[in-house]
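Peer 1: One file is attached below, query-v5.pdb, containing PDB, C-alpha atoms.
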```
ATOM      1  CA  MET A 335     186.186  34.050 158.443
ATOM      2  CA  GLN A 336     187.177  32.015 155.399
ATOM      3  CA  ALA A 337     186.078  32.069 151.764
ATOM      4  CA  PHE A 338     182.507  30.842 151.199
ATOM      5  CA  HIS A 339     183.543  27.969 148.944
ATOM      6  CA  ALA A 340     186.274  26.820 151.306
ATOM      7  CA  ILE A 341     183.522  25.553 153.627
ATOM      8  CA  ARG A 342     182.623  21.910 152.942
ATOM      9  CA  ARG A 343     178.836  22.225 153.318
ATOM     10  CA  ASN A 344     178.787  25.152 150.857
ATOM     11  CA  GLN A 345     180.683  23.070 148.278
ATOM     12  CA  VAL A 346     178.167  20.238 148.680
ATOM     13  CA  PHE A 347     175.252  22.672 148.402
ATOM     14  CA  LEU A 348     176.697  24.176 145.198
ATOM     15  CA  VAL A 349     177.179  20.747 143.597
ATOM     16  CA  ILE A 350     173.585  19.730 144.458
ATOM     17  CA  THR A 351     172.249  23.075 143.148
ATOM     18  CA  LEU A 352     174.090  22.681 139.829
ATOM     19  CA  ALA A 353     173.067  19.017 139.442
ATOM     20  CA  VAL A 354     169.395  19.894 140.042
ATOM     21  CA  ALA A 355     169.631  22.851 137.602
ATOM     22  CA  ILE A 356     171.068  20.586 134.863
ATOM     23  CA  ALA A 357     168.386  17.942 135.521
ATOM     24  CA  ASN A 358     165.780  20.722 135.343
ATOM     25  CA  LEU A 359     167.074  21.835 131.943
ATOM     26  CA  TRP A 360     166.933  18.268 130.659
ATOM     27  CA  LEU A 361     163.337  17.839 131.931
ATOM     28  CA  ILE A 362     162.230  21.111 130.298
ATOM     29  CA  TYR A 363     163.816  20.231 126.951
ATOM     30  CA  GLN A 364     163.117  16.495 126.772
ATOM     31  CA  ALA A 365     160.291  15.511 129.122
ATOM     32  CA  ALA A 366     157.936  18.510 129.230
ATOM     33  CA  PRO A 367     155.052  18.096 126.756
ATOM     34  CA  LEU A 368     154.613  20.578 123.907
ATOM     35  CA  VAL A 369     151.516  22.769 124.160
ATOM     36  CA  PRO A 370     149.739  23.389 120.821
ATOM     37  CA  GLN A 371     150.134  26.892 119.310
ATOM     38  CA  GLN A 372     152.823  28.059 121.790
ATOM     39  CA  GLU A 373     155.049  24.961 121.349
ATOM     40  CA  MET A 374     158.587  25.664 122.707
ATOM     41  CA  ALA A 375     157.677  29.193 123.805
ATOM     42  CA  GLN A 376     155.337  27.701 126.446
ATOM     43  CA  LYS A 377     158.348  26.050 128.107
ATOM     44  CA  ILE A 378     159.567  29.528 129.118
ATOM     45  CA  PHE A 379     156.854  29.174 131.787
ATOM     46  CA  TYR A 380     159.133  26.669 133.631
ATOM     47  CA  TYR A 381     161.717  29.430 134.078
ATOM     48  CA  HIS A 382     159.521  32.527 134.277
ATOM     49  CA  VAL A 383     157.049  31.474 137.001
ATOM     50  CA  PRO A 384     159.590  29.905 139.441
ATOM     51  CA  LEU A 385     161.720  33.060 139.052
ATOM     52  CA  ALA A 386     158.680  35.147 140.021
ATOM     53  CA  TRP A 387     157.792  33.018 143.063
ATOM     54  CA  ASN A 388     161.407  33.107 144.274
ATOM     55  CA  ALA A 389     161.685  36.871 143.734
ATOM     56  CA  PHE A 390     158.662  37.265 146.021
ATOM     57  CA  LEU A 391     160.262  34.916 148.548
ATOM     58  CA  ALA A 392     163.430  37.048 148.533
ATOM     59  CA  TYR A 393     161.388  40.237 148.973
ATOM     60  CA  LEU A 394     159.491  38.696 151.907
ATOM     61  CA  LEU A 395     162.902  38.033 153.462
ATOM     62  CA  VAL A 396     163.794  41.718 152.902
ATOM     63  CA  ALA A 397     160.654  42.793 154.774
ATOM     64  CA  ALA A 398     161.020  40.246 157.608
ATOM     65  CA  ALA A 399     164.743  40.931 158.123
ATOM     66  CA  GLY A 400     164.100  44.685 157.805
ATOM     67  CA  ALA A 401     161.451  44.499 160.543
ATOM     68  CA  ALA A 402     163.824  42.438 162.722
ATOM     69  CA  TYR A 403     166.538  45.070 162.156
ATOM     70  CA  LEU A 404     164.240  47.951 163.119
ATOM     71  CA  ILE A 405     163.256  46.134 166.337
ATOM     72  CA  THR A 406     166.661  44.765 167.414
ATOM     73  CA  ARG A 407     169.111  47.090 165.558
ATOM     74  CA  GLN A 408     171.400  44.110 165.050
ATOM     75  CA  PRO A 409     173.410  44.556 161.781
ATOM     76  CA  ARG A 410     173.166  40.827 160.956
ATOM     77  CA  TRP A 411     169.460  41.347 160.084
ATOM     78  CA  ASP A 412     170.399  44.206 157.801
ATOM     79  CA  ARG A 413     172.850  41.966 155.959
ATOM     80  CA  TRP A 414     170.092  39.373 155.336
ATOM     81  CA  SER A 415     167.833  42.197 154.177
ATOM     82  CA  LEU A 416     170.464  43.494 151.734
ATOM     83  CA  ALA A 417     171.120  39.986 150.371
ATOM     84  CA  GLY A 418     167.368  39.466 149.855
ATOM     85  CA  ALA A 419     167.009  42.833 148.102
ATOM     86  CA  GLU A 420     169.902  42.187 145.705
ATOM     87  CA  VAL A 421     168.941  38.634 144.760
ATOM     88  CA  GLY A 422     165.217  39.501 144.674
ATOM     89  CA  THR A 423     165.881  42.398 142.300
ATOM     90  CA  LEU A 424     168.075  40.186 140.133
ATOM     91  CA  PHE A 425     165.207  37.677 139.903
ATOM     92  CA  ALA A 426     162.713  40.508 139.241
ATOM     93  CA  LEU A 427     164.956  41.681 136.398
ATOM     94  CA  LEU A 428     164.911  38.131 135.018
ATOM     95  CA  ILE A 429     161.084  38.081 135.192
ATOM     96  CA  LEU A 430     161.122  41.293 133.143
ATOM     97  CA  ILE A 431     163.537  39.724 130.616
ATOM     98  CA  THR A 432     161.892  36.285 130.257
ATOM     99  CA  GLY A 433     158.308  37.663 130.175
ATOM    100  CA  PRO A 434     158.834  39.725 126.989
ATOM    101  CA  ILE A 435     160.737  36.803 125.379
ATOM    102  CA  TRP A 436     157.587  34.677 125.895
ATOM    103  CA  ALA A 437     155.206  37.497 124.917
ATOM    104  CA  THR A 438     156.899  38.267 121.579
ATOM    105  CA  PRO A 439     155.743  35.082 119.778
ATOM    106  CA  THR A 440     152.550  34.702 121.867
ATOM    107  CA  TRP A 441     151.111  38.244 121.865
ATOM    108  CA  GLY A 442     153.023  39.523 118.868
ATOM    109  CA  ARG A 443     154.621  42.256 121.009
ATOM    110  CA  PRO A 444     157.055  42.091 123.929
ATOM    111  CA  TRP A 445     155.244  44.377 126.383
ATOM    112  CA  SER A 446     151.738  45.427 127.310
ATOM    113  CA  TRP A 447     150.805  47.980 129.993
ATOM    114  CA  GLU A 448     148.402  45.548 131.624
ATOM    115  CA  PRO A 449     148.019  45.190 135.441
ATOM    116  CA  ARG A 450     150.360  42.300 136.282
ATOM    117  CA  LEU A 451     153.229  43.517 134.106
ATOM    118  CA  THR A 452     152.884  47.084 135.306
ATOM    119  CA  THR A 453     152.753  46.149 139.026
ATOM    120  CA  THR A 454     155.815  43.891 138.548
ATOM    121  CA  LEU A 455     157.712  46.757 136.907
ATOM    122  CA  VAL A 456     156.669  49.016 139.820
ATOM    123  CA  LEU A 457     158.095  46.502 142.326
ATOM    124  CA  PHE A 458     161.381  46.381 140.399
ATOM    125  CA  LEU A 459     161.574  50.199 140.304
ATOM    126  CA  ILE A 460     160.822  50.449 144.065
ATOM    127  CA  PHE A 461     163.891  48.295 144.678
ATOM    128  CA  VAL A 462     166.008  50.386 142.306
ATOM    129  CA  GLY A 463     165.019  53.243 144.636
ATOM    130  CA  TYR A 464     165.891  51.047 147.635
ATOM    131  CA  PHE A 465     169.519  50.754 146.426
ATOM    132  CA  MET A 466     169.712  54.482 145.731
ATOM    133  CA  VAL A 467     168.547  55.190 149.295
ATOM    134  CA  ARG A 468     171.160  52.769 150.637
ATOM    135  CA  ALA A 469     173.889  54.438 148.585
ATOM    136  CA  PHE A 470     173.016  58.078 149.265
ATOM    137  CA  SER A 471     171.588  58.181 152.815
ATOM    138  CA  GLY A 472     174.858  58.812 154.578
ATOM    139  CA  PRO A 473     175.928  56.822 157.647
ATOM    140  CA  TYR A 474     175.462  53.025 157.625
ATOM    141  CA  GLU A 475     172.942  52.963 160.472
ATOM    142  CA  ARG A 476     170.681  55.609 158.917
ATOM    143  CA  ALA A 477     170.850  54.073 155.412
ATOM    144  CA  SER A 478     169.968  50.653 156.841
ATOM    145  CA  ARG A 479     167.010  52.097 158.764
ATOM    146  CA  TYR A 480     165.580  53.884 155.703
ATOM    147  CA  ALA A 481     166.164  50.789 153.528
ATOM    148  CA  ALA A 482     164.348  48.584 156.077
ATOM    149  CA  VAL A 483     161.277  50.872 155.948
ATOM    150  CA  ILE A 484     161.247  50.840 152.100
ATOM    151  CA  GLY A 485     161.686  47.045 152.075
ATOM    152  CA  ILE A 486     158.665  46.621 154.384
ATOM    153  CA  LEU A 487     156.488  49.038 152.376
ATOM    154  CA  ALA A 488     157.514  47.455 149.035
ATOM    155  CA  VAL A 489     156.017  44.048 149.881
ATOM    156  CA  ILE A 490     152.545  45.642 149.744
ATOM    157  CA  ASP A 491     153.005  45.405 145.951
ATOM    158  CA  ILE A 492     153.336  41.576 146.057
ATOM    159  CA  PRO A 493     149.636  40.807 146.800
ATOM    160  CA  LEU A 494     148.780  43.400 144.139
ATOM    161  CA  ILE A 495     150.866  41.484 141.559
ATOM    162  CA  LEU A 496     149.404  38.133 142.622
ATOM    163  CA  THR A 497     145.787  39.322 142.423
ATOM    164  CA  ALA A 498     146.270  41.698 139.456
ATOM    165  CA  VAL A 499     144.685  39.226 137.022
ATOM    166  CA  THR A 500     141.428  39.157 139.011
ATOM    167  CA  TRP A 501     141.308  42.638 140.618
ATOM    168  CA  TRP A 502     141.346  44.671 137.418
ATOM    169  CA  ALA A 503     138.645  44.494 134.746
ATOM    170  CA  PRO A 504     139.005  41.676 132.168
ATOM    171  CA  GLU A 505     139.197  44.243 129.304
ATOM    172  CA  VAL A 506     142.597  45.505 130.500
ATOM    173  CA  GLN A 507     144.077  42.016 131.040
ATOM    174  CA  SER A 508     146.379  40.181 128.680
ATOM    175  CA  HIS A 509     148.330  37.989 131.138
ATOM    176  CA  PRO A 510     147.369  34.284 131.073
ATOM    177  CA  GLN A 511     145.022  33.417 133.943
ATOM    178  CA  MET A 512     146.174  29.855 134.486
ATOM    179  CA  GLU A 513     144.867  27.731 137.302
ATOM    180  CA  MET A 514     147.713  25.491 138.392
ATOM    181  CA  THR A 515     145.441  22.626 139.463
ATOM    182  CA  ARG A 516     143.979  22.368 135.935
ATOM    183  CA  GLN A 517     147.373  21.734 134.326
ATOM    184  CA  PRO A 518     148.262  18.181 133.214
ATOM    185  CA  SER A 519     150.168  16.279 135.913
ATOM    186  CA  MET A 520     153.378  16.053 133.819
ATOM    187  CA  ILE A 521     153.470  19.849 133.419
ATOM    188  CA  LEU A 522     152.804  20.293 137.145
ATOM    189  CA  ARG A 523     155.528  17.847 138.200
ATOM    190  CA  ILE A 524     158.159  19.518 136.020
ATOM    191  CA  PHE A 525     156.983  22.940 137.180
ATOM    192  CA  PHE A 526     157.432  22.007 140.859
ATOM    193  CA  PHE A 527     160.856  20.500 140.109
ATOM    194  CA  SER A 528     161.821  23.764 138.416
ATOM    195  CA  LEU A 529     160.483  25.704 141.404
ATOM    196  CA  PHE A 530     162.666  23.543 143.672
ATOM    197  CA  SER A 531     165.690  24.129 141.409
ATOM    198  CA  PHE A 532     165.283  27.920 141.463
ATOM    199  CA  THR A 533     164.704  27.890 145.225
ATOM    200  CA  LEU A 534     168.089  26.132 145.621
ATOM    201  CA  ILE A 535     169.704  28.788 143.374
ATOM    202  CA  LEU A 536     168.040  31.527 145.450
ATOM    203  CA  VAL A 537     169.227  30.043 148.767
ATOM    204  CA  TYR A 538     172.779  29.592 147.415
ATOM    205  CA  MET A 539     172.942  33.204 146.181
ATOM    206  CA  LEU A 540     171.413  34.609 149.372
ATOM    207  CA  ARG A 541     173.875  32.733 151.596
ATOM    208  CA  TYR A 542     176.860  33.670 149.424
ATOM    209  CA  ARG A 543     175.875  37.366 149.317
ATOM    210  CA  ARG A 544     175.276  37.455 153.086
ATOM    211  CA  HIS A 545     178.642  35.780 153.677
ATOM    212  CA  VAL A 546     180.460  38.466 151.646
ATOM    213  CA  SER A 547     178.517  41.236 153.439
ATOM    214  CA  GLU A 548     179.632  39.709 156.728
ATOM    215  CA  LEU A 549     183.274  39.712 155.550
ATOM    216  CA  GLU A 550     183.016  43.359 154.438
ATOM    217  CA  PHE A 551     181.343  44.365 157.704
ATOM    218  CA  ARG A 552     184.056  42.704 159.810
ATOM    219  CA  ARG A 553     186.805  44.310 157.727
ATOM    220  CA  MET A 554     185.145  47.715 158.117
ATOM    221  CA  ALA A 555     184.774  47.217 161.886
ATOM    222  CA  ARG A 556     188.436  46.181 162.161
ATOM    223  CA  ALA A 557     189.569  49.185 160.098
ATOM    224  CA  GLU A 558     187.559  51.533 162.343
ATOM    225  CA  GLY A 559     189.045  49.850 165.414
ATOM    226  CA  THR A 560     192.551  50.390 164.025
ATOM    227  CA  ASN A 561     191.768  54.046 163.272
ATOM    228  CA  ASP A 562     190.417  54.614 166.793
ATOM    229  CA  ALA A 563     193.555  53.092 168.267
TER     230      ALA A 563
ATOM    231  CA  MET B  37     162.657  21.378 115.119
ATOM    232  CA  PRO B  38     159.589  22.553 117.111
ATOM    233  CA  LYS B  39     158.353  26.116 116.660
ATOM    234  CA  TYR B  40     159.796  28.959 118.792
ATOM    235  CA  HIS B  41     162.863  26.976 119.847
ATOM    236  CA  GLY B  42     164.983  30.143 119.623
ATOM    237  CA  TYR B  43     162.809  31.965 122.176
ATOM    238  CA  LEU B  44     163.276  29.215 124.772
ATOM    239  CA  LEU B  45     167.013  29.196 124.086
ATOM    240  CA  ALA B  46     167.169  33.012 124.441
ATOM    241  CA  CYS B  47     165.309  32.763 127.774
ATOM    242  CA  ILE B  48     167.606  30.060 129.206
ATOM    243  CA  ILE B  49     170.797  31.787 128.029
ATOM    244  CA  SER B  50     169.771  35.199 129.381
ATOM    245  CA  VAL B  51     168.829  33.746 132.794
ATOM    246  CA  TRP B  52     172.136  31.910 133.167
ATOM    247  CA  VAL B  53     174.232  34.829 131.895
ATOM    248  CA  VAL B  54     172.642  37.175 134.476
ATOM    249  CA  VAL B  55     172.892  34.632 137.328
ATOM    250  CA  LEU B  56     176.528  33.764 136.572
ATOM    251  CA  ALA B  57     177.477  37.440 136.153
ATOM    252  CA  TYR B  58     176.033  38.177 139.593
ATOM    253  CA  VAL B  59     177.816  35.207 141.215
ATOM    254  CA  LEU B  60     181.063  36.344 139.550
ATOM    255  CA  ARG B  61     180.522  39.832 140.980
ATOM    256  CA  ILE B  62     180.080  38.429 144.514
ATOM    257  CA  TRP B  63     183.154  36.232 144.055
ATOM    258  CA  LEU B  64     185.255  39.236 142.980
ATOM    259  CA  ARG B  65     184.057  41.213 146.016
ATOM    260  CA  GLU B  66     184.937  38.285 148.263
ATOM    261  CA  ARG B  67     188.420  38.023 146.753
ATOM    262  CA  LYS B  68     188.945  41.755 147.213
ATOM    263  CA  VAL B  69     187.986  41.626 150.897
ATOM    264  CA  LEU B  70     190.055  38.511 151.601
ATOM    265  CA  SER B  71     193.113  39.975 149.853
ATOM    266  CA  GLN B  72     192.994  43.055 152.090
ATOM    267  CA  ARG B  73     193.547  41.069 155.270
TER     268      ARG B  73
END
```
Please express what this file holds, its structure, as structure tokens.
Peer 2:
Amino acid sequence: MQAFHAIRRNQVFLVITLAVAIANLWLIYQAAPLVPQQEMAQKIFYYHVPLAWNAFLAYLLVAAAGAAYLITRQPRWDRWSLAGAEVGTLFALLILITGPIWATPTWGRPWSWEPRLTTTLVLFLIFVGYFMVRAFSGPYERASRYAAVIGILAVIDIPLILTAVTWWAPEVQSHPQMEMTRQPSMILRIFFFSLFSFTLILVYMLRYRRHVSELEFRRMARAEGTNDA
Amino acid sequence: MPKYHGYLLACIISVWVVVLAYVLRIWLRERKVLSQR
């Protein structure tokens, strides 16, 4: 196997991803309309929400690949699951960084223990536990099996996060309850472009991480083969 | 300059710093594996 960026289609994908990300930045800065009161702070929404949707996408991959691993016991599913968990947790961390940056000027404080924020933090902490289980569960096969079960159970938190703003009583809510369809069309168009941009970044990172896992796995298998001989 | 410009800038910079740091980490791991061949 060769280096990820030595492959032509990966180079093309990277160039497209970067070009779309730069165009996205330009749209957010120059074309997106200013919302009264929040002004530039509102534009954080174009980064924060696509990061959240893509983190959930990555975690759904963790669960699906984890289930496929438990059924087939093929290590390639485990490598997809690991890539999804790492990139998903990175995106979840970014949700937890960008959210407080937006909340500081809007709420006057960076954090509130309200339902959506708390359930998002819980999801992030579940995946911190996921990596600890992977690191300390002993043999590869056992660690992968335990991690797959945690990855499947963790996605139960995603519908909780998505419905947190309606499930819990209005008195405990402080998260904006925006209906996407009621947003002006310019805001919506830039939002969906940003969503597309972050999905490209997610796919690039997932494929790159899985590629390196594959390299490490093959090297490990070869080293074990050499030891056996 | 519009209000809260610094917050948007802080958000964009932090996202790209974290993303690029992670990609750099994967790249270093890849180099390490490929150099051990």
Peer 1: Residues near range 535-552 of chain A, anyone? I mean within 10 Å using only C-alpha atoms, not counting same-chain ones fewer than 2 positions away, as an MDAnalysis selection string.
Peer 2: (chainID A and resid 335:339 344 347:348 350:352 354:355 385 388:389 391:392 409:422 425 529:533 554:558) or (chainID B and resid 55 58:59 61:70)
Peer 1: Kindly determine which residues of chain A lie within 6 Å of chain B, considering all atoms listed in the file, and give the answer as a VMD selection string.
Peer 2: chain A and resid 373 to 375 378 432 546
Peer 1: One number please: CA of Met466 in chain A to CA of Pro449 in chain A, in Å, one decimal.
Peer 2: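 One can read the CA of Met466 in chain A to CA of Pro449 in chain A distance as 25.7 Å.
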Peer 1: On this structure, the PyMOL selection byres ((chain A and resi 379) around 12) would catch which residues? List them as a PDB file with C-alpha atoms, in the coordinates of the input, sorted by chain and number.
Peer 2:
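Written output follows (expr-v8.pdb):
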```
ATOM      1  CA  ILE A 362     162.230  21.111 130.298  1.00  0.00           C
ATOM      2  CA  ALA A 366     157.936  18.510 129.230  1.00  0.00           C
ATOM      3  CA  LEU A 368     154.613  20.578 123.907  1.00  0.00           C
ATOM      4  CA  VAL A 369     151.516  22.769 124.160  1.00  0.00           C
ATOM      5  CA  GLN A 372     152.823  28.059 121.790  1.00  0.00           C
ATOM      6  CA  GLU A 373     155.049  24.961 121.349  1.00  0.00           C
ATOM      7  CA  MET A 374     158.587  25.664 122.707  1.00  0.00           C
ATOM      8  CA  ALA A 375     157.677  29.193 123.805  1.00  0.00           C
ATOM      9  CA  GLN A 376     155.337  27.701 126.446  1.00  0.00           C
ATOM     10  CA  LYS A 377     158.348  26.050 128.107  1.00  0.00           C
ATOM     11  CA  ILE A 378     159.567  29.528 129.118  1.00  0.00           C
ATOM     12  CA  TYR A 380     159.133  26.669 133.631  1.00  0.00           C
ATOM     13  CA  TYR A 381     161.717  29.430 134.078  1.00  0.00           C
ATOM     14  CA  HIS A 382     159.521  32.527 134.277  1.00  0.00           C
ATOM     15  CA  VAL A 383     157.049  31.474 137.001  1.00  0.00           C
ATOM     16  CA  PRO A 384     159.590  29.905 139.441  1.00  0.00           C
ATOM     17  CA  LEU A 385     161.720  33.060 139.052  1.00  0.00           C
ATOM     18  CA  ALA A 386     158.680  35.147 140.021  1.00  0.00           C
ATOM     19  CA  TRP A 387     157.792  33.018 143.063  1.00  0.00           C
ATOM     20  CA  ILE A 429     161.084  38.081 135.192  1.00  0.00           C
ATOM     21  CA  THR A 432     161.892  36.285 130.257  1.00  0.00           C
ATOM     22  CA  GLY A 433     158.308  37.663 130.175  1.00  0.00           C
ATOM     23  CA  PRO A 434     158.834  39.725 126.989  1.00  0.00           C
ATOM     24  CA  ILE A 435     160.737  36.803 125.379  1.00  0.00           C
ATOM     25  CA  TRP A 436     157.587  34.677 125.895  1.00  0.00           C
ATOM     26  CA  ALA A 437     155.206  37.497 124.917  1.00  0.00           C
ATOM     27  CA  PRO A 510     147.369  34.284 131.073  1.00  0.00           C
ATOM     28  CA  MET A 512     146.174  29.855 134.486  1.00  0.00           C
ATOM     29  CA  MET A 514     147.713  25.491 138.392  1.00  0.00           C
ATOM     30  CA  ILE A 521     153.470  19.849 133.419  1.00  0.00           C
ATOM     31  CA  LEU A 522     152.804  20.293 137.145  1.00  0.00           C
ATOM     32  CA  ILE A 524     158.159  19.518 136.020  1.00  0.00           C
ATOM     33  CA  PHE A 525     156.983  22.940 137.180  1.00  0.00           C
ATOM     34  CA  PHE A 526     157.432  22.007 140.859  1.00  0.00           C
ATOM     35  CA  SER A 528     161.821  23.764 138.416  1.00  0.00           C
ATOM     36  CA  LEU A 529     160.483  25.704 141.404  1.00  0.00           C
TER      37      LEU A 529
ATOM     38  CA  TYR B  43     162.809  31.965 122.176  1.00  0.00           C
ATOM     39  CA  LEU B  44     163.276  29.215 124.772  1.00  0.00           C
ATOM     40  CA  CYS B  47     165.309  32.763 127.774  1.00  0.00           C
ATOM     41  CA  ILE B  48     167.606  30.060 129.206  1.00  0.00           C
TER      42      ILE B  48
END
```
Peer 1: How many Å separate CA of Trp445 in chain A from CA of Phe465 in chain A?
Peer 2: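 Straight-line distance from CA of Trp445 in chain A to CA of Phe465 in chain A works out to 25.4 Å.
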Peer 1: As an exercise, work out the distance from CA of Pro370 in chain A to CA of Trp441 in chain A in Å and give it to one decimal place.
Peer 2: 15.0 Å
Peer 1: Quick one: residues within 9 Å of Asp491 in chain A, all atoms listed in the file, excluding same-chain residues fewer than 5 positions away - as a VMD selection string?
Peer 2: chain A and resid 453 to 454 456 to 457 496
Peer 1: Which residues would end up in the selection if the PyMOL selection byres ((chain A and resi 503-506) around 9) were applied here, given that I need the answer as a PyMOL selection string?
Peer 2: chain A and resi 447-449+499-502+507-508
Peer 1: Output the residue selection produced by the PyMOL selection byres ((chain A and resi 481) around 8) on the file above, formatted as number ranges by chain.
Peer 2: A: 400, 464-465, 467-468, 477-480, 482-485
Peer 1: Restricting the calculation to all atoms listed in the file, which member of A:Phe470, A:Phe527, A:Tyr403, A:Tyr393 is positioned closest to Leu359 in chain A?
Peer 2: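 That would be A:Phe527, the residue with the smallest distance to Leu359 in chain A.
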Peer 1: Determine the nearest neighbour of Ala426 in chain A from the options A:Val462, A:Leu494, A:Val346, A:Gln364, counting all atoms listed in the file.
Peer 2: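 Of the candidates, the smallest distance to Ala426 in chain A is held by A:Val462.
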